[in-house]
Amino acid sequence: MGLGLEIIIVVGMLIVLVALIGYIVSIYNGLIRLKHNIKKSWANIEVLLKQRSDELPKLINSVKGYMKHERSTLAQLTKARTDFLKAKTMKQKAEADSMITNALKTIFAVAENYPRLRANENFIQLQQRISGLENELADRREFYNDSVNTYNIRIHSFPDMIIARMMKCKDEELFKVVESDKKDVEVKF
Amino acid sequence: MSDLRRIFYSFVLLVMGIFFFISGYKSFRRKRLIEDTPTSKIRAIAMGLVEIYGVVVPYKGKILKSPLTNKDCVYYFFIIEEYRSSEKGGRWVTIKTGAKRVPFFLQDDTGKVLVDPEGAQVEVNRDYEFYSSTTKTPPQSIIQFMESSGIRYKSFLGLNRSLRFREYFIAPKDKLYILGTAGDNPYVEDGSVSQGYEDVMIQKGKKNSIYYISDKPEKDLIKNYKWRIVGGFVGGVLLILVGTSGILLGFNLF
């Protein structure tokens, strides 16, 4: 074999090696980025959950004078807020979030029965603010689940799964909405 | 061909091959980043690197006129080239080029966000192309632009020059894909907004160097990048091998 051919083979092998290293580095960095995306998107949900939680005492104060017959709903909201503040894990927070969302839906639906409350400027502002936060939260939950989904698919796809196993990557949990939350709020007149 | 010339051309091929190979790798990384970043709803944009998709809406009446076609737009890029023939053939030579961009809103079904396109890599489809020749005079809008820029469209004999005019622009209502950094909006005062996303502006980030704007939807972009990856790697490897072989041949090592 001539020297030239040997050099060509070495160059070819070098190209393959460089491509392989680059590919592995990309997979590794990609997995790190996906993990980071999940953390970041969860942190973005938490910010809104906290903001909403801070608005709840104001809401309760503004409606309790009008909604004397809805004490159980208000108590439910207070309890859900306390549960959220105590929650440590993502699952606990997601459950408390579902309870709060449910209680809020009920309060806003029932408020239709109280014309004086609906005319209250403070209540209107709070309702708008909380509804806005609820909408943003829904979008960010969806974004979080998209991030988790991309990550979970990636760590089970070939060849990423090889690097993922080396990195001991595990499936991340989706932000699940409690089944009862999907039902429409029932309002009794 | 002399050995020295062979070595020179082979070296050029080798450098081109390395360039193709690196650009293939860059395309691969870009494709992964696009795939890995979920699309945010504009209402729920959080600070940092974001991917959004929506429709262009002008910001406070800031509108540009594209120089060649006189169309309303928020970004344009144009290039005017002349065909110059020589003994070895002909080639297009750039005689004037230019680009301009202004901030605009991007709107989806949840809200709109301000986008400052400064520093972005913009990839949009060509919107206009015209070839002028002795029998083909450019449209009036082009003639006016050339006259105001001090470029003659006729040769000294009074015949039309062989020119190629190309224009790319982003017009209101165009759909855009943007991968950029959501940061503070300098045009609004803190605390003066009712919705959080109004205080956000998409811009070139300090940490995230990527800032990419395209008029293609994400699926088409990914497909497009797949071809760039294949082209970059296959073309790169072939050129490297051919270039190396040529150099070796030049040194009589085969």
# chains A, B, ... in the order shown; residues from 1 in each chain; ligands from 1
>>> residues_around(residues="A:Thr78", least_positions_apart="5", cutoff="12 Å", atoms="only C-alpha atoms", output="VMD selection string")
chain A and resid 53 to 61 64 71 to 73 83 to 85 96 99 to 100 103 to 104
>>> write_last_selection(atoms="N, CA, C and O atoms", output="PDB file, in the first residue's frame")
ATOM      1  N   SER A  53     -51.137  32.930  44.107  1.00  0.00           N
ATOM      2  CA  SER A  53     -51.347  32.654  45.534  1.00  0.00           C
ATOM      3  C   SER A  53     -51.374  33.951  46.347  1.00  0.00           C
ATOM      4  O   SER A  53     -52.153  34.084  47.300  1.00  0.00           O
ATOM      5  N   ASP A  54     -50.542  34.928  45.949  1.00  0.00           N
ATOM      6  CA  ASP A  54     -50.511  36.222  46.654  1.00  0.00           C
ATOM      7  C   ASP A  54     -51.798  37.019  46.444  1.00  0.00           C
ATOM      8  O   ASP A  54     -52.148  37.870  47.260  1.00  0.00           O
ATOM      9  N   GLU A  55     -52.473  36.767  45.345  1.00  0.00           N
ATOM     10  CA  GLU A  55     -53.714  37.503  45.047  1.00  0.00           C
ATOM     11  C   GLU A  55     -54.918  36.915  45.783  1.00  0.00           C
ATOM     12  O   GLU A  55     -55.934  37.598  45.948  1.00  0.00           O
ATOM     13  N   LEU A  56     -54.803  35.647  46.202  1.00  0.00           N
ATOM     14  CA  LEU A  56     -55.977  34.961  46.768  1.00  0.00           C
ATOM     15  C   LEU A  56     -56.521  35.602  48.049  1.00  0.00           C
ATOM     16  O   LEU A  56     -57.737  35.783  48.176  1.00  0.00           O
ATOM     17  N   PRO A  57     -55.665  35.975  49.041  1.00  0.00           N
ATOM     18  CA  PRO A  57     -56.227  36.601  50.261  1.00  0.00           C
ATOM     19  C   PRO A  57     -57.016  37.875  49.924  1.00  0.00           C
ATOM     20  O   PRO A  57     -58.070  38.117  50.513  1.00  0.00           O
ATOM     21  N   LYS A  58     -56.508  38.636  48.939  1.00  0.00           N
ATOM     22  CA  LYS A  58     -57.220  39.866  48.540  1.00  0.00           C
ATOM     23  C   LYS A  58     -58.587  39.500  47.963  1.00  0.00           C
ATOM     24  O   LYS A  58     -59.588  40.164  48.241  1.00  0.00           O
ATOM     25  N   LEU A  59     -58.610  38.440  47.171  1.00  0.00           N
ATOM     26  CA  LEU A  59     -59.871  38.014  46.559  1.00  0.00           C
ATOM     27  C   LEU A  59     -60.849  37.556  47.635  1.00  0.00           C
ATOM     28  O   LEU A  59     -62.025  37.953  47.631  1.00  0.00           O
ATOM     29  N   ILE A  60     -60.334  36.750  48.548  1.00  0.00           N
ATOM     30  CA  ILE A  60     -61.212  36.233  49.622  1.00  0.00           C
ATOM     31  C   ILE A  60     -61.780  37.401  50.424  1.00  0.00           C
ATOM     32  O   ILE A  60     -62.979  37.441  50.718  1.00  0.00           O
ATOM     33  N   ASN A  61     -60.927  38.366  50.767  1.00  0.00           N
ATOM     34  CA  ASN A  61     -61.388  39.539  51.531  1.00  0.00           C
ATOM     35  C   ASN A  61     -62.449  40.329  50.783  1.00  0.00           C
ATOM     36  O   ASN A  61     -63.402  40.820  51.376  1.00  0.00           O
ATOM     37  N   LYS A  64     -65.831  37.910  50.634  1.00  0.00           N
ATOM     38  CA  LYS A  64     -66.461  37.243  51.790  1.00  0.00           C
ATOM     39  C   LYS A  64     -67.667  38.009  52.342  1.00  0.00           C
ATOM     40  O   LYS A  64     -68.596  37.389  52.862  1.00  0.00           O
ATOM     41  N   ARG A  71     -69.500  29.934  52.042  1.00  0.00           N
ATOM     42  CA  ARG A  71     -68.368  29.784  52.959  1.00  0.00           C
ATOM     43  C   ARG A  71     -67.519  28.554  52.641  1.00  0.00           C
ATOM     44  O   ARG A  71     -66.302  28.579  52.752  1.00  0.00           O
ATOM     45  N   SER A  72     -68.201  27.468  52.263  1.00  0.00           N
ATOM     46  CA  SER A  72     -67.443  26.230  52.011  1.00  0.00           C
ATOM     47  C   SER A  72     -66.474  26.420  50.830  1.00  0.00           C
ATOM     48  O   SER A  72     -65.345  25.917  50.862  1.00  0.00           O
ATOM     49  N   THR A  73     -66.921  27.151  49.810  1.00  0.00           N
ATOM     50  CA  THR A  73     -66.039  27.380  48.640  1.00  0.00           C
ATOM     51  C   THR A  73     -64.836  28.226  49.045  1.00  0.00           C
ATOM     52  O   THR A  73     -63.692  27.942  48.648  1.00  0.00           O
ATOM     53  N   ASP A  83     -52.284  24.577  51.346  1.00  0.00           N
ATOM     54  CA  ASP A  83     -51.644  23.352  50.836  1.00  0.00           C
ATOM     55  C   ASP A  83     -50.540  23.698  49.846  1.00  0.00           C
ATOM     56  O   ASP A  83     -49.471  23.093  49.847  1.00  0.00           O
ATOM     57  N   PHE A  84     -50.827  24.705  48.992  1.00  0.00           N
ATOM     58  CA  PHE A  84     -49.825  25.092  47.989  1.00  0.00           C
ATOM     59  C   PHE A  84     -48.571  25.646  48.667  1.00  0.00           C
ATOM     60  O   PHE A  84     -47.442  25.312  48.293  1.00  0.00           O
ATOM     61  N   LEU A  85     -48.786  26.489  49.690  1.00  0.00           N
ATOM     62  CA  LEU A  85     -47.633  27.095  50.364  1.00  0.00           C
ATOM     63  C   LEU A  85     -46.799  26.053  51.105  1.00  0.00           C
ATOM     64  O   LEU A  85     -45.588  26.194  51.235  1.00  0.00           O
ATOM     65  N   ALA A  96     -52.357  21.008  44.550  1.00  0.00           N
ATOM     66  CA  ALA A  96     -52.869  22.240  45.170  1.00  0.00           C
ATOM     67  C   ALA A  96     -53.291  23.235  44.094  1.00  0.00           C
ATOM     68  O   ALA A  96     -54.322  23.904  44.228  1.00  0.00           O
ATOM     69  N   MET A  99     -56.667  22.318  42.836  1.00  0.00           N
ATOM     70  CA  MET A  99     -57.720  22.682  43.814  1.00  0.00           C
ATOM     71  C   MET A  99     -58.023  24.178  43.730  1.00  0.00           C
ATOM     72  O   MET A  99     -59.180  24.600  43.747  1.00  0.00           O
ATOM     73  N   ILE A 100     -56.958  24.976  43.642  1.00  0.00           N
ATOM     74  CA  ILE A 100     -57.143  26.436  43.573  1.00  0.00           C
ATOM     75  C   ILE A 100     -57.905  26.803  42.297  1.00  0.00           C
ATOM     76  O   ILE A 100     -58.872  27.566  42.325  1.00  0.00           O
ATOM     77  N   ALA A 103     -61.531  25.895  42.704  1.00  0.00           N
ATOM     78  CA  ALA A 103     -62.233  26.798  43.630  1.00  0.00           C
ATOM     79  C   ALA A 103     -62.461  28.168  42.978  1.00  0.00           C
ATOM     80  O   ALA A 103     -63.537  28.760  43.125  1.00  0.00           O
ATOM     81  N   LEU A 104     -61.459  28.622  42.245  1.00  0.00           N
ATOM     82  CA  LEU A 104     -61.593  29.934  41.575  1.00  0.00           C
ATOM     83  C   LEU A 104     -62.699  29.906  40.526  1.00  0.00           C
ATOM     84  O   LEU A 104     -63.495  30.838  40.415  1.00  0.00           O
TER      85      LEU A 104
END
>>> select_by_dssp(residues="stretch 51-122 of chain B", states="strand (DSSP E)", output="count of residues only")
49
>>> interface_residues(of="chain A", to="chain B", cutoff="8 Å", atoms="only C-alpha atoms", output="list of chain:residue names")
A:Gly2, A:Leu3, A:Gly4, A:Leu5, A:Ile8, A:Val11, A:Gly12, A:Ile15, A:Gly22, A:Ser26, A:Gly30, A:Leu34, A:Asn37, A:Asn44, A:Gly132, A:Glu136, A:Leu137, A:Asp139, A:Arg140, A:Phe143, A:Asp146, A:Ser147, A:Thr150
>>> atom_distance(atom1="atom CA of A:Gln128", atom2="atom CA of B:Lys60")
26.3 Å
>>> select_by_dssp(residues="chain A", states="helix (DSSP H, G or I)", output="PyMOL selection string")
chain A and resi 3-64+68-86+90-113+115-118+121-156+160-166+179-182
>>> write_last_selection(atoms="C-alpha atoms", output="short mmCIF file (atom, residue, chain, number, x, y, z; two decimals), in the first residue's frame")
data_model
loop_
_atom_site.label_atom_id
_atom_site.label_comp_id
_atom_site.auth_asym_id
_atom_site.auth_seq_id
_atom_site.Cartn_x
_atom_site.Cartn_y
_atom_site.Cartn_z
CA LEU A 3 2.02 6.15 1.47
CA GLY A 4 -0.59 8.35 -0.25
CA LEU A 5 -3.33 5.76 0.22
CA GLU A 6 -2.34 5.31 3.84
CA ILE A 7 -2.62 9.06 4.40
CA ILE A 8 -6.05 9.11 2.72
CA ILE A 9 -7.23 6.29 5.01
CA VAL A 10 -5.89 8.15 8.07
CA VAL A 11 -7.62 11.37 6.93
CA GLY A 12 -10.86 9.41 6.38
CA MET A 13 -10.61 7.89 9.85
CA LEU A 14 -9.89 11.31 11.34
CA ILE A 15 -13.02 12.72 9.70
CA VAL A 16 -15.11 9.86 11.08
CA LEU A 17 -13.59 10.36 14.54
CA VAL A 18 -14.18 14.12 14.54
CA ALA A 19 -17.77 13.61 13.32
CA LEU A 20 -18.38 10.97 15.99
CA ILE A 21 -16.98 13.12 18.80
CA GLY A 22 -18.98 16.11 17.56
CA TYR A 23 -22.12 14.00 17.42
CA ILE A 24 -21.65 12.66 20.96
CA VAL A 25 -20.94 16.15 22.31
CA SER A 26 -24.09 17.44 20.57
CA ILE A 27 -26.23 14.69 22.06
CA TYR A 28 -24.78 15.30 25.52
CA ASN A 29 -25.27 19.08 25.30
CA GLY A 30 -28.75 18.57 23.87
CA LEU A 31 -29.79 16.41 26.82
CA ILE A 32 -28.38 18.95 29.26
CA ARG A 33 -30.28 21.70 27.44
CA LEU A 34 -33.53 19.72 27.56
CA LYS A 35 -33.10 19.07 31.29
CA HIS A 36 -32.43 22.75 31.81
CA ASN A 37 -35.52 23.64 29.73
CA ILE A 38 -37.68 21.54 32.03
CA LYS A 39 -36.23 23.16 35.15
CA LYS A 40 -36.66 26.60 33.66
CA SER A 41 -40.22 26.01 32.50
CA TRP A 42 -41.12 24.63 35.93
CA ALA A 43 -39.58 27.70 37.58
CA ASN A 44 -41.67 29.86 35.23
CA ILE A 45 -44.84 28.07 36.38
CA GLU A 46 -43.87 28.48 40.03
CA VAL A 47 -43.48 32.25 39.59
CA LEU A 48 -47.07 32.50 38.37
CA LEU A 49 -48.38 30.09 41.00
CA LYS A 50 -46.80 32.29 43.66
CA GLN A 51 -48.23 35.46 42.11
CA ARG A 52 -51.69 33.90 41.98
CA SER A 53 -51.35 32.65 45.53
CA ASP A 54 -50.51 36.22 46.65
CA GLU A 55 -53.71 37.50 45.05
CA LEU A 56 -55.98 34.96 46.77
CA PRO A 57 -56.23 36.60 50.26
CA LYS A 58 -57.22 39.87 48.54
CA LEU A 59 -59.87 38.01 46.56
CA ILE A 60 -61.21 36.23 49.62
CA ASN A 61 -61.39 39.54 51.53
CA SER A 62 -63.23 41.25 48.72
CA VAL A 63 -65.85 38.52 48.26
CA LYS A 64 -66.46 37.24 51.79
CA LYS A 68 -72.05 34.58 52.90
CA HIS A 69 -73.66 31.42 51.55
CA GLU A 70 -70.46 30.27 49.86
CA ARG A 71 -68.37 29.78 52.96
CA SER A 72 -67.44 26.23 52.01
CA THR A 73 -66.04 27.38 48.64
CA LEU A 74 -64.01 30.12 50.30
CA ALA A 75 -62.78 27.66 52.93
CA GLN A 76 -61.81 25.30 50.14
CA LEU A 77 -59.83 28.06 48.44
CA THR A 78 -58.07 29.02 51.70
CA LYS A 79 -57.19 25.38 52.33
CA ALA A 80 -55.90 24.94 48.77
CA ARG A 81 -53.71 28.01 49.17
CA THR A 82 -52.31 26.73 52.46
CA ASP A 83 -51.64 23.35 50.84
CA PHE A 84 -49.83 25.09 47.99
CA LEU A 85 -47.63 27.10 50.36
CA LYS A 86 -46.77 23.92 52.28
CA MET A 90 -44.05 19.08 42.10
CA LYS A 91 -46.90 16.58 42.51
CA GLN A 92 -48.14 18.27 45.70
CA LYS A 93 -47.93 21.67 44.05
CA ALA A 94 -49.78 20.42 40.97
CA GLU A 95 -52.56 19.02 43.19
CA ALA A 96 -52.87 22.24 45.17
CA ASP A 97 -52.85 24.19 41.91
CA SER A 98 -55.73 22.08 40.60
CA MET A 99 -57.72 22.68 43.81
CA ILE A 100 -57.14 26.44 43.57
CA THR A 101 -58.12 26.52 39.88
CA ASN A 102 -61.30 24.59 40.68
CA ALA A 103 -62.23 26.80 43.63
CA LEU A 104 -61.59 29.93 41.58
CA LYS A 105 -63.78 28.67 38.75
CA THR A 106 -66.59 28.11 41.27
CA ILE A 107 -66.16 31.54 42.90
CA PHE A 108 -66.17 33.38 39.57
CA ALA A 109 -69.16 31.40 38.35
CA VAL A 110 -71.13 31.90 41.60
CA ALA A 111 -70.25 35.64 41.59
CA GLU A 112 -72.74 35.96 38.72
CA ASN A 113 -75.48 35.58 41.38
CA PRO A 115 -74.87 41.81 41.26
CA ARG A 116 -73.37 44.08 43.95
CA LEU A 117 -70.17 42.02 43.97
CA ARG A 118 -69.99 42.10 40.16
CA GLU A 121 -64.35 47.70 41.20
CA ASN A 122 -61.86 45.89 43.41
CA PHE A 123 -63.42 42.51 42.62
CA ILE A 124 -63.46 43.23 38.89
CA GLN A 125 -59.77 44.11 38.92
CA LEU A 126 -58.88 41.03 40.96
CA GLN A 127 -60.95 38.80 38.69
CA GLN A 128 -59.20 40.19 35.62
CA ARG A 129 -55.77 39.83 37.19
CA ILE A 130 -56.41 36.26 38.39
CA SER A 131 -58.03 35.24 35.10
CA GLY A 132 -54.99 36.64 33.28
CA LEU A 133 -52.67 34.64 35.54
CA GLU A 134 -54.81 31.52 35.00
CA ASN A 135 -54.50 31.89 31.22
CA GLU A 136 -50.74 32.39 31.44
CA LEU A 137 -50.50 29.40 33.75
CA ALA A 138 -52.40 27.23 31.26
CA ASP A 139 -49.93 28.23 28.52
CA ARG A 140 -46.92 27.62 30.72
CA ARG A 141 -48.23 24.23 31.82
CA GLU A 142 -48.56 23.32 28.17
CA PHE A 143 -45.03 24.59 27.52
CA TYR A 144 -43.70 22.59 30.49
CA ASN A 145 -45.40 19.43 29.21
CA ASP A 146 -43.97 20.04 25.73
CA SER A 147 -40.48 20.35 27.26
CA VAL A 148 -40.96 17.15 29.28
CA ASN A 149 -42.34 15.33 26.26
CA THR A 150 -39.39 16.31 24.05
CA TYR A 151 -36.97 15.18 26.75
CA ASN A 152 -38.75 11.86 27.41
CA ILE A 153 -38.88 11.04 23.69
CA ARG A 154 -35.23 11.99 23.25
CA ILE A 155 -33.92 9.78 26.06
CA HIS A 156 -35.73 6.78 24.54
CA ASP A 160 -29.49 9.44 22.21
CA MET A 161 -30.61 6.68 24.58
CA ILE A 162 -27.02 5.38 24.82
CA ILE A 163 -25.72 8.71 26.13
CA ALA A 164 -28.89 9.18 28.21
CA ARG A 165 -28.28 5.84 29.96
CA MET A 166 -24.69 6.84 30.68
CA GLU A 179 -59.57 14.79 36.26
CA SER A 180 -62.20 16.76 38.21
CA ASP A 181 -60.69 20.00 36.85
CA LYS A 182 -61.58 19.07 33.32
#
>>> closest_residue(among="B:Leu157, B:Leu106, B:Ile222, B:Ile170", to="B:Tyr53", atoms="only C-alpha atoms")
B:Leu106
>>> atom_distance(atom1="atom CA of B:Leu4", atom2="atom CA of B:Gly235")
24.4 Å
>>> atom_distance(atom1="atom CA of B:Val57", atom2="atom CA of B:Lys173")
6.3 Å
>>> residues_around(residues="B:Val102", least_positions_apart="5", cutoff="9 Å", atoms="only C-alpha atoms", output="PyMOL selection string")
chain B and resi 58-59+62-64+73-75+115-118
>>> write_last_selection(atoms="N, CA, C and O atoms", output="PDB file, in the first residue's frame")
ATOM      1  N   PRO B  58     -47.167  45.962  12.350  1.00  0.00           N
ATOM      2  CA  PRO B  58     -46.258  47.109  12.509  1.00  0.00           C
ATOM      3  C   PRO B  58     -46.349  47.727  13.911  1.00  0.00           C
ATOM      4  O   PRO B  58     -47.406  47.685  14.536  1.00  0.00           O
ATOM      5  N   TYR B  59     -45.232  48.274  14.366  1.00  0.00           N
ATOM      6  CA  TYR B  59     -45.159  48.872  15.698  1.00  0.00           C
ATOM      7  C   TYR B  59     -45.213  50.396  15.564  1.00  0.00           C
ATOM      8  O   TYR B  59     -44.340  50.987  14.913  1.00  0.00           O
ATOM      9  N   LYS B  62     -44.330  52.245  12.445  1.00  0.00           N
ATOM     10  CA  LYS B  62     -42.971  52.176  11.882  1.00  0.00           C
ATOM     11  C   LYS B  62     -42.976  51.220  10.693  1.00  0.00           C
ATOM     12  O   LYS B  62     -43.083  50.001  10.862  1.00  0.00           O
ATOM     13  N   ILE B  63     -42.891  51.781   9.534  1.00  0.00           N
ATOM     14  CA  ILE B  63     -42.963  50.960   8.317  1.00  0.00           C
ATOM     15  C   ILE B  63     -41.882  51.445   7.343  1.00  0.00           C
ATOM     16  O   ILE B  63     -41.623  52.643   7.234  1.00  0.00           O
ATOM     17  N   LEU B  64     -41.289  50.496   6.650  1.00  0.00           N
ATOM     18  CA  LEU B  64     -40.294  50.840   5.637  1.00  0.00           C
ATOM     19  C   LEU B  64     -40.914  50.650   4.251  1.00  0.00           C
ATOM     20  O   LEU B  64     -41.927  49.956   4.123  1.00  0.00           O
ATOM     21  N   CYS B  73     -43.010  47.279   4.453  1.00  0.00           N
ATOM     22  CA  CYS B  73     -42.331  46.159   5.095  1.00  0.00           C
ATOM     23  C   CYS B  73     -41.660  46.605   6.398  1.00  0.00           C
ATOM     24  O   CYS B  73     -41.593  47.803   6.685  1.00  0.00           O
ATOM     25  N   VAL B  74     -41.206  45.614   7.192  1.00  0.00           N
ATOM     26  CA  VAL B  74     -40.483  45.937   8.428  1.00  0.00           C
ATOM     27  C   VAL B  74     -39.006  45.529   8.312  1.00  0.00           C
ATOM     28  O   VAL B  74     -38.200  45.825   9.187  1.00  0.00           O
ATOM     29  N   TYR B  75     -38.707  44.824   7.239  1.00  0.00           N
ATOM     30  CA  TYR B  75     -37.320  44.417   6.954  1.00  0.00           C
ATOM     31  C   TYR B  75     -37.184  44.284   5.442  1.00  0.00           C
ATOM     32  O   TYR B  75     -38.086  43.785   4.778  1.00  0.00           O
ATOM     33  N   VAL B 115     -40.683  42.905  18.734  1.00  0.00           N
ATOM     34  CA  VAL B 115     -39.472  42.232  18.247  1.00  0.00           C
ATOM     35  C   VAL B 115     -38.519  43.296  17.701  1.00  0.00           C
ATOM     36  O   VAL B 115     -38.908  44.095  16.852  1.00  0.00           O
ATOM     37  N   ASP B 116     -37.305  43.305  18.235  1.00  0.00           N
ATOM     38  CA  ASP B 116     -36.285  44.196  17.677  1.00  0.00           C
ATOM     39  C   ASP B 116     -35.375  43.325  16.811  1.00  0.00           C
ATOM     40  O   ASP B 116     -34.571  42.553  17.340  1.00  0.00           O
ATOM     41  N   PRO B 117     -35.491  43.406  15.492  1.00  0.00           N
ATOM     42  CA  PRO B 117     -34.751  42.463  14.628  1.00  0.00           C
ATOM     43  C   PRO B 117     -33.257  42.765  14.491  1.00  0.00           C
ATOM     44  O   PRO B 117     -32.559  42.053  13.777  1.00  0.00           O
ATOM     45  N   GLU B 118     -32.773  43.796  15.175  1.00  0.00           N
ATOM     46  CA  GLU B 118     -31.350  44.165  15.068  1.00  0.00           C
ATOM     47  C   GLU B 118     -30.477  42.984  15.510  1.00  0.00           C
ATOM     48  O   GLU B 118     -30.672  42.444  16.599  1.00  0.00           O
TER      49      GLU B 118
END
